[in-house]
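Enquirer: Take this structure, written in structure tokens, and hold onto it; I'll ask about it next.
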Amino acid sequence: MEKPKTPSPLAWKEKLAFLWLVLFTCAAGLSQVWISLGYDVQAVPEEAYRPPFRLMQHLLGTDQLGRDVLLYLIHGCRTSWLLAFPPMALATLVGILSGTIAATLGNNGLKISLGKLFLSGLLLLALFYFYPLFQWSTRQWSGAFQFAVYIGCALMISYPLVKVSQKSFFKWGNKKVTIPVDEGLQKIIGIWATFPKLLLLLILTLFTPFSILTLMFWICATYWVLPARVSRGMVLQLQKESYYETAQALGIPFKRVFTHFMWPQLKGPLLTNFCFAASGLLGIGSTLAYLGIGLPADVPSWGKMLANARFSLEAWWLIAFPSVVLLASIFSLQVIGHKFSSQAKA
Amino acid sequence: MTRTCAKSLSLLFIWLLSCSSPSPDSAVRVRLAQDPESLHPLSYGNANALQIFNLVYQSLLTVDLKDNSVQPLLAAGLPQVRRDDSLAYFTYTIRPEARWDNGSPITAADVAFSLKLLHSPLLDNERWRAQYHFIKDIQVNKENPTSFTIVCSGYTPEMKLMSGDFFVFPAYQFDPKGTLAAVSYSLIRQKFDSLSQTSTFKEFAAFLNNPSIATDTATIKGSGPYQFISWNAGQAVMLDRKKTWWADKVATNKKTLIANPSRIVFQIIPDNAAAVLALKARQVDLMDNLPLVTFQEMKKDPAYTQHFNFYSPLSYDLVYMGMNGTNPLLKDKVTRQALAHLVNVPQVIKTIQGGLATPTVGLIHPKEKEFYHGSLPPFGFDPEKAKTLLKQAGWQESSSGWERNANGRTQRLELELLHRAGNSEFESFALLFQQNAKAIKIPVTLRALESSQISERLKARNYDLFLRTLVSTPLSYNLVPILHTSNAAEGGSNITGFGTPNTDQLLEKIAQEERTQEKAALLKQLQEKMQEESNFVFLYFMQNKLAISKQIDSVVVSSLKPGYDLLRFTKRK
């Protein structure tokens, strides 16, 4: 019997990378705690441009508004963390779901009655049409809560309606049409992948007010493509394996096949992609902040600090410290990505 | 092999970078922050386009940037003014030497054509129609083709400049078929709608609305000293001095007819940091509105002081925070006064502007001593006073902020502050204001938007607070358009909803008043009222931060736009 693979010991640079990422995550967590306690980074203009390593209360110096650079960098960790990990995790999940569904259903696997399709289309149109009215009548609620309530109500109303529509009153309503799910996804991926990610984000962020939440949403909408492509390819490949046919013949449910046989094979490439994409996102998040796009002025960001540093070359610490933190985070994720990649290959 | 190629390319790149040397030619190179957008005679895009137009076209009168005095330009002298009950008559004579590029004299017919152009149908001249609405007619002297009288409705002192402050365009070039010559000025104004249906006007409008008019070097030709050579969008606009310019032959009264640089190149560099690099590499001779820290650092550094002179002239650019008086949250003046107490103007001037700004209590520059209300104490930074005022306005402090009951509904004092994206000074101010407001539990959301988006929100009155620069002028105190309640409706230019019947009367009197003492008293009353209403929180008048190459002699800097007199510059090689 084959022995289970034991993971190779970590090299010193991998240990260092893990340590840095733990510190990065702790700093982001600390910043979140401070923010929930109302402890923001304070501007004290009289203290502007204090050089580093002179005063204990401003160990890494201050910026043009007298904000402590160390504190600003820690709050910047939170922003970078929020822009890299949660949207990437969600994008990966969306990618796995869509890629697996497309590979499993193929172009002939989804058949839907015309009546149900028609009703779903009508419902979607109605939901889209009535949203402004709902928004107006509940204008005192917060935006996210308002949206959640609307989606909840919509689901509650539309689910029984779609169920009822199975018993269509018209003959044509019972006619089934085949939805080419795989081809559809391939086309969407093909179009989506032609845009450079930074350019796509630059355009998309202009459609919504600048905020960390909207930027997270747009990142998620941009980055699901590669995980979807990887998942689809892997699932198609694994479906040709003999164990998949055996499992189907034995009537083992797909969920179990996926979790026990497919996921262990998918995990490696997806984790590698996650690390490289997250490292890229740290760079892209900072680039957007540098350009003044996507984030409001009061959200601390390393890119914003670099942007403000352009005007004063004497204040070298405003370039040096955020650059070091940004590069260290990007390299750490790259090193870990390589580790996963080499493990997957082994 | 790959490595060798990479090394060679890197060396080539470094060599190319090190080769960027100061421009050796005699052209004066000026940095512009953005393209002129359009060089159409009627719908020119922005202040940069106006700056270029001032070199190509001429008006009857101009303002001498050396002493801010009104001087004749195309006109032989200042106008003779005559008034009767409801009309004012401004009589001008054009300089006899004035010529177009084809050698034909500039006459009253060209002035009449230019005025008609500002009021013709089917053209993009809406803002000019509003601005020159006061000009009722033009009467051409039949005996002297260079003499004419502009008839204006009513009389305000500003008309002395305004009646001659429009570009005079060559009729032979823009209207070769003489469409406008056949119709009188008053008829164009009276029959605006019916003329728009006629085929001749449609044809004329089609000719003038042709996009090539705005970019073609052959059509952008005026009586000014420079001819338009090229415009590469995003790169440069180039102008050359005419070899034979009519004003070279003028013997007397030449004060405003100076044009020294043989070539002017406007380098378009939108990014401030990139523009600073170009300045430091001496690839531009002049840069205005330098970022404060760069300005301060360059002024200290001998490497730059040996090549550049630095100036910080006063300007009439007033930075203020506006409040929406039509918004239910900010409808009462006491709430607005409370917010005004959260602005720490001295701190902002000291830190964000490095002391290079002038605090003010009103719209009038403190330099204008007779009109400025020097004895009116400004609102100080006082969060406690702000809290007291909020309570006075009916707001109640709770653990989460400020609330009050209005017509059975609970209002929460939560505000949004609009500021221009990319303006680091506005962003810094917005952050400080947000911090001050948060300290007394008023949540303020910062929203960075493009200038045009801010304008749209202001026009629709869909805002709480905003930051803006108001370009004022010491030459006119007609504040009716921006402060009168008749302009406070949606889309009007009174964007803050300022005004009471009392202030409306004041504004009307100020616009009419010609006696200095009386005008000063009225303006001081207005400043008091504006502080009491607090729709505007005046922060400061900015000071321009200019760096000009030491190769340039006869430098004249000014408090009026664009901040320097380019025509007087002479560049040493």
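Residue numbering restarts at 1 for every chain of the structure tokens, chains are lettered A, B, ... in their displayed order, and ligands are numbered from 1 as they appear.
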If we count only C-alpha atoms, which residues of chain B reach to within 9 Å of chain A? Please list them as a PyMOL selection string.
Expert: chain B and resi 272-273+276+291-294+297+347-348+350-352+421-422+424+427-428+430-432+434-435+445-448
Enquirer: List every residue of region 128-301 of chain A that DSSP, applied to the backbone, labels as strand (DSSP E or B), and write the result as a list in words.
Expert: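 Put together, the selection reads Lys176, Val177, Thr178 and Ile179 of chain A.
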Enquirer: Write the residues you've just listed into a file as a CSV table (one decimal), in the first residue's frame, and include C-alpha atoms for each of them.
Expert:
chain,number,residue,atom,x,y,z
A,176,LYS,CA,-37.9,21.8,-22.5
A,177,VAL,CA,-34.9,23.7,-23.7
A,178,THR,CA,-31.3,22.8,-23.3
A,179,ILE,CA,-29.0,25.4,-21.7
Enquirer: Using backbone DSSP assignments, extract all helix (DSSP H, G or I) residues from region 65-163 of chain A; output them as an MDAnalysis selection string.
Expert: chainID A and resid 69:105 114:137 143:163
Enquirer: Using only C-alpha atoms for the distances, tell me which of B:Ser400, B:Thr410, B:Gln139, B:Ser472 is nearest to Ile442 (chain B).
Expert: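 So, comparing all the options, the nearest one is B:Ser400.
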Enquirer: Excluding region 142-147 of chain B and its own-chain neighbours fewer than 5 positions away, which residues fall within 8 Å of it when counting only C-alpha atoms? Please give them as a PyMOL selection string.
Expert: chain B and resi 91-96+106-109
Enquirer: Write the residues of the preceding selection, restricted to N, CA and C atoms, as a CSV table (one decimal), in the first residue's frame.
Expert:
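result22.csv was written with the following content:
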chain,number,residue,atom,x,y,z
B,91,THR,N,-18.8,104.4,-26.0
B,91,THR,CA,-18.3,104.7,-27.4
B,91,THR,C,-16.8,104.4,-27.5
B,92,TYR,N,-16.5,103.5,-28.5
B,92,TYR,CA,-15.1,103.1,-28.7
B,92,TYR,C,-14.6,103.5,-30.1
B,93,THR,N,-13.3,103.7,-30.2
B,93,THR,CA,-12.7,103.8,-31.5
B,93,THR,C,-11.6,102.8,-31.6
B,94,ILE,N,-11.5,102.0,-32.6
B,94,ILE,CA,-10.4,101.0,-32.8
B,94,ILE,C,-9.2,101.7,-33.3
B,95,ARG,N,-8.0,101.2,-32.8
B,95,ARG,CA,-6.7,101.7,-33.2
B,95,ARG,C,-6.6,101.7,-34.7
B,96,PRO,N,-6.2,102.8,-35.3
B,96,PRO,CA,-6.1,102.9,-36.8
B,96,PRO,C,-5.2,101.9,-37.4
B,106,ILE,N,-9.1,96.2,-39.0
B,106,ILE,CA,-10.2,95.8,-38.1
B,106,ILE,C,-11.1,96.9,-37.9
B,107,THR,N,-12.4,96.6,-38.1
B,107,THR,CA,-13.4,97.7,-38.1
B,107,THR,C,-14.5,97.4,-37.1
B,108,ALA,N,-15.4,98.4,-37.0
B,108,ALA,CA,-16.6,98.2,-36.1
B,108,ALA,C,-17.5,97.0,-36.6
B,109,ALA,N,-17.4,96.7,-37.9
B,109,ALA,CA,-18.2,95.6,-38.5
B,109,ALA,C,-17.7,94.3,-37.8
Enquirer: Would you mind reading off the distance between CA of Gln525 (chain B) and CA of Asn324 (chain B), one decimal, in Å?
Expert: 22.2 Å
Enquirer: What does the distance from CA of Pro227 (chain A) to CA of Trp192 (chain A) come to in Å, to one decimal?
Expert: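 Computed distance, CA of Pro227 (chain A) to CA of Trp192 (chain A), equals 13.0 Å.
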Enquirer: Contacts of Leu123 (chain B) at 12 Å or less, counting only C-alpha atoms, minus same-chain residues fewer than 2 places along, as a PyMOL selection string?
Expert: chain B and resi 40-43+116-121+125-129+192+196+201-210
Enquirer: Residues as selected, N, CA and C atoms, written as a PDB file, in the first residue's frame, can you do that?
Expert:
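Saved as out.pdb:
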ATOM      1  N   HIS B  40     -12.346  76.179 -29.738  1.00  0.00           N
ATOM      2  CA  HIS B  40     -13.429  76.771 -30.528  1.00  0.00           C
ATOM      3  C   HIS B  40     -13.671  78.189 -30.015  1.00  0.00           C
ATOM      4  N   PRO B  41     -13.867  79.156 -30.938  1.00  0.00           N
ATOM      5  CA  PRO B  41     -14.009  80.549 -30.476  1.00  0.00           C
ATOM      6  C   PRO B  41     -15.157  80.777 -29.499  1.00  0.00           C
ATOM      7  N   LEU B  42     -16.203  79.942 -29.564  1.00  0.00           N
ATOM      8  CA  LEU B  42     -17.346  80.153 -28.673  1.00  0.00           C
ATOM      9  C   LEU B  42     -17.361  79.188 -27.493  1.00  0.00           C
ATOM     10  N   SER B  43     -16.860  77.994 -27.703  1.00  0.00           N
ATOM     11  CA  SER B  43     -16.974  77.006 -26.620  1.00  0.00           C
ATOM     12  C   SER B  43     -15.601  76.516 -26.197  1.00  0.00           C
ATOM     13  N   LYS B 116     -22.648  89.625 -32.456  1.00  0.00           N
ATOM     14  CA  LYS B 116     -23.744  88.826 -33.019  1.00  0.00           C
ATOM     15  C   LYS B 116     -23.464  87.336 -32.825  1.00  0.00           C
ATOM     16  N   LEU B 117     -22.186  86.985 -32.969  1.00  0.00           N
ATOM     17  CA  LEU B 117     -21.783  85.583 -32.795  1.00  0.00           C
ATOM     18  C   LEU B 117     -22.141  85.088 -31.381  1.00  0.00           C
ATOM     19  N   LEU B 118     -22.012  85.992 -30.413  1.00  0.00           N
ATOM     20  CA  LEU B 118     -22.301  85.613 -29.019  1.00  0.00           C
ATOM     21  C   LEU B 118     -23.800  85.393 -28.794  1.00  0.00           C
ATOM     22  N   HIS B 119     -24.626  85.891 -29.720  1.00  0.00           N
ATOM     23  CA  HIS B 119     -26.077  85.776 -29.515  1.00  0.00           C
ATOM     24  C   HIS B 119     -26.789  85.002 -30.621  1.00  0.00           C
ATOM     25  N   SER B 120     -26.031  84.450 -31.566  1.00  0.00           N
ATOM     26  CA  SER B 120     -26.670  83.753 -32.691  1.00  0.00           C
ATOM     27  C   SER B 120     -27.285  82.431 -32.278  1.00  0.00           C
ATOM     28  N   PRO B 121     -28.381  82.048 -32.956  1.00  0.00           N
ATOM     29  CA  PRO B 121     -28.994  80.754 -32.626  1.00  0.00           C
ATOM     30  C   PRO B 121     -28.163  79.594 -33.171  1.00  0.00           C
ATOM     31  N   ASN B 125     -23.364  78.997 -27.458  1.00  0.00           N
ATOM     32  CA  ASN B 125     -23.002  80.307 -26.890  1.00  0.00           C
ATOM     33  C   ASN B 125     -23.900  80.680 -25.713  1.00  0.00           C
ATOM     34  N   GLU B 126     -24.460  79.652 -25.075  1.00  0.00           N
ATOM     35  CA  GLU B 126     -25.420  79.909 -24.001  1.00  0.00           C
ATOM     36  C   GLU B 126     -24.831  80.781 -22.895  1.00  0.00           C
ATOM     37  N   ARG B 127     -23.574  80.413 -22.469  1.00  0.00           N
ATOM     38  CA  ARG B 127     -23.003  81.174 -21.349  1.00  0.00           C
ATOM     39  C   ARG B 127     -22.703  82.613 -21.753  1.00  0.00           C
ATOM     40  N   TRP B 128     -22.352  82.825 -23.049  1.00  0.00           N
ATOM     41  CA  TRP B 128     -22.063  84.198 -23.484  1.00  0.00           C
ATOM     42  C   TRP B 128     -23.344  85.005 -23.577  1.00  0.00           C
ATOM     43  N   ARG B 129     -24.410  84.350 -24.016  1.00  0.00           N
ATOM     44  CA  ARG B 129     -25.698  85.059 -24.095  1.00  0.00           C
ATOM     45  C   ARG B 129     -26.099  85.569 -22.722  1.00  0.00           C
ATOM     46  N   PHE B 192     -34.553  85.351 -32.156  1.00  0.00           N
ATOM     47  CA  PHE B 192     -33.629  84.228 -31.933  1.00  0.00           C
ATOM     48  C   PHE B 192     -34.233  82.907 -32.411  1.00  0.00           C
ATOM     49  N   SER B 196     -33.477  80.674 -36.080  1.00  0.00           N
ATOM     50  CA  SER B 196     -32.885  79.332 -35.990  1.00  0.00           C
ATOM     51  C   SER B 196     -33.518  78.363 -37.003  1.00  0.00           C
ATOM     52  N   PHE B 201     -29.074  80.484 -41.553  1.00  0.00           N
ATOM     53  CA  PHE B 201     -28.507  80.342 -40.211  1.00  0.00           C
ATOM     54  C   PHE B 201     -28.119  78.901 -39.930  1.00  0.00           C
ATOM     55  N   LYS B 202     -28.899  77.965 -40.475  1.00  0.00           N
ATOM     56  CA  LYS B 202     -28.558  76.553 -40.287  1.00  0.00           C
ATOM     57  C   LYS B 202     -27.212  76.251 -40.957  1.00  0.00           C
ATOM     58  N   GLU B 203     -27.045  76.816 -42.154  1.00  0.00           N
ATOM     59  CA  GLU B 203     -25.807  76.601 -42.904  1.00  0.00           C
ATOM     60  C   GLU B 203     -24.622  77.237 -42.166  1.00  0.00           C
ATOM     61  N   PHE B 204     -24.866  78.461 -41.664  1.00  0.00           N
ATOM     62  CA  PHE B 204     -23.816  79.174 -40.932  1.00  0.00           C
ATOM     63  C   PHE B 204     -23.418  78.398 -39.667  1.00  0.00           C
ATOM     64  N   ALA B 205     -24.445  77.886 -38.953  1.00  0.00           N
ATOM     65  CA  ALA B 205     -24.182  77.131 -37.719  1.00  0.00           C
ATOM     66  C   ALA B 205     -23.422  75.846 -38.026  1.00  0.00           C
ATOM     67  N   ALA B 206     -23.791  75.188 -39.144  1.00  0.00           N
ATOM     68  CA  ALA B 206     -23.107  73.940 -39.523  1.00  0.00           C
ATOM     69  C   ALA B 206     -21.636  74.226 -39.792  1.00  0.00           C
ATOM     70  N   PHE B 207     -21.367  75.367 -40.421  1.00  0.00           N
ATOM     71  CA  PHE B 207     -19.973  75.742 -40.714  1.00  0.00           C
ATOM     72  C   PHE B 207     -19.208  75.998 -39.412  1.00  0.00           C
ATOM     73  N   LEU B 208     -19.870  76.754 -38.516  1.00  0.00           N
ATOM     74  CA  LEU B 208     -19.156  77.136 -37.287  1.00  0.00           C
ATOM     75  C   LEU B 208     -19.085  76.003 -36.258  1.00  0.00           C
ATOM     76  N   ASN B 209     -20.022  75.090 -36.324  1.00  0.00           N
ATOM     77  CA  ASN B 209     -19.992  73.975 -35.366  1.00  0.00           C
ATOM     78  C   ASN B 209     -19.111  72.826 -35.842  1.00  0.00           C
ATOM     79  N   ASN B 210     -18.501  72.988 -37.004  1.00  0.00           N
ATOM     80  CA  ASN B 210     -17.605  71.949 -37.510  1.00  0.00           C
ATOM     81  C   ASN B 210     -16.444  71.759 -36.527  1.00  0.00           C
TER      82      ASN B 210
END
Enquirer: Using only C-alpha atoms, which protein or nucleic acid residues come within 8 Å of region 272-287 of chain A? Drop anything in the same chain fewer than 2 positions from it, and give the result as a VMD selection string.
Expert: chain A and resid 80 to 81 83 to 85 88 to 89 92 198 223 226 to 227 268 to 270 289 to 291 301 to 304 326 329 to 331 333 to 334 336 to 338 340 to 341
Enquirer: Those same residues, written as a PDB file, in the first residue's frame with C-alpha atoms?
Expert:
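Output file again_7.pdb follows:
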ATOM      1  CA  SER A  80      -4.542  45.398   2.278  1.00  0.00           C
ATOM      2  CA  TRP A  81      -5.686  42.252   4.078  1.00  0.00           C
ATOM      3  CA  LEU A  83      -8.656  43.753  -0.227  1.00  0.00           C
ATOM      4  CA  ALA A  84      -6.589  40.601  -0.770  1.00  0.00           C
ATOM      5  CA  PHE A  85      -7.942  37.681   1.252  1.00  0.00           C
ATOM      6  CA  MET A  88      -9.978  36.279  -3.267  1.00  0.00           C
ATOM      7  CA  ALA A  89     -11.513  33.554  -1.094  1.00  0.00           C
ATOM      8  CA  THR A  92     -12.148  31.204  -5.589  1.00  0.00           C
ATOM      9  CA  LEU A 198      -6.018  46.557 -13.293  1.00  0.00           C
ATOM     10  CA  TYR A 223     -10.768  37.468  -9.971  1.00  0.00           C
ATOM     11  CA  LEU A 226      -8.872  31.811 -13.187  1.00  0.00           C
ATOM     12  CA  PRO A 227     -10.225  29.552 -10.372  1.00  0.00           C
ATOM     13  CA  GLY A 268      -3.051  22.328  -4.849  1.00  0.00           C
ATOM     14  CA  PRO A 269      -3.538  24.357  -8.045  1.00  0.00           C
ATOM     15  CA  LEU A 270      -6.251  26.486  -6.428  1.00  0.00           C
ATOM     16  CA  ALA A 289      -4.854  53.781  -3.726  1.00  0.00           C
ATOM     17  CA  TYR A 290      -1.769  55.447  -5.246  1.00  0.00           C
ATOM     18  CA  LEU A 291      -3.924  56.662  -8.130  1.00  0.00           C
ATOM     19  CA  SER A 301      -3.476  52.511   2.632  1.00  0.00           C
ATOM     20  CA  TRP A 302       0.183  51.898   1.852  1.00  0.00           C
ATOM     21  CA  GLY A 303      -0.374  53.072  -1.720  1.00  0.00           C
ATOM     22  CA  LYS A 304      -1.816  56.352  -0.483  1.00  0.00           C
ATOM     23  CA  LEU A 326       4.316  46.009   0.652  1.00  0.00           C
ATOM     24  CA  SER A 329       3.946  40.887   1.920  1.00  0.00           C
ATOM     25  CA  ILE A 330       4.023  40.304  -1.835  1.00  0.00           C
ATOM     26  CA  PHE A 331       7.209  38.195  -1.654  1.00  0.00           C
ATOM     27  CA  LEU A 333       2.751  35.225  -0.666  1.00  0.00           C
ATOM     28  CA  GLN A 334       4.850  34.399  -3.714  1.00  0.00           C
ATOM     29  CA  ILE A 336       4.172  30.320  -0.170  1.00  0.00           C
ATOM     30  CA  GLY A 337       2.590  30.063  -3.626  1.00  0.00           C
ATOM     31  CA  HIS A 338       5.762  28.425  -4.923  1.00  0.00           C
ATOM     32  CA  PHE A 340       2.121  24.955  -2.792  1.00  0.00           C
ATOM     33  CA  SER A 341       2.986  24.747  -6.465  1.00  0.00           C
TER      34      SER A 341
END
Enquirer: When you look at Arg420 (chain B) with a cut-off of 8 Å (counting only C-alpha atoms), what residues show up, excluding the ones that are within fewer than 3 positions of it in the same chain? I need them as a list of chain:residue names.
Expert: B:Asn423, B:Phe426, B:Glu427, B:Ala448, B:Leu449, B:Glu450, B:Ser451, B:Ile454, B:Leu467, B:Arg468
Enquirer: So that I can check the surroundings of region 22-34 of chain A, please list as a list in words every protein, DNA and RNA residue that reaches within 7 Å of it, counting only C-alpha atoms and ignoring chain neighbours fewer than 2 positions away.
Expert: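 Counting only C-alpha atoms, the residues come to Phe18, Leu19, Trp20, Ser36, Leu37, Gly38, Tyr39, Asp40, Ile74, His75, Cys77, Arg78 and Trp81 of chain A.
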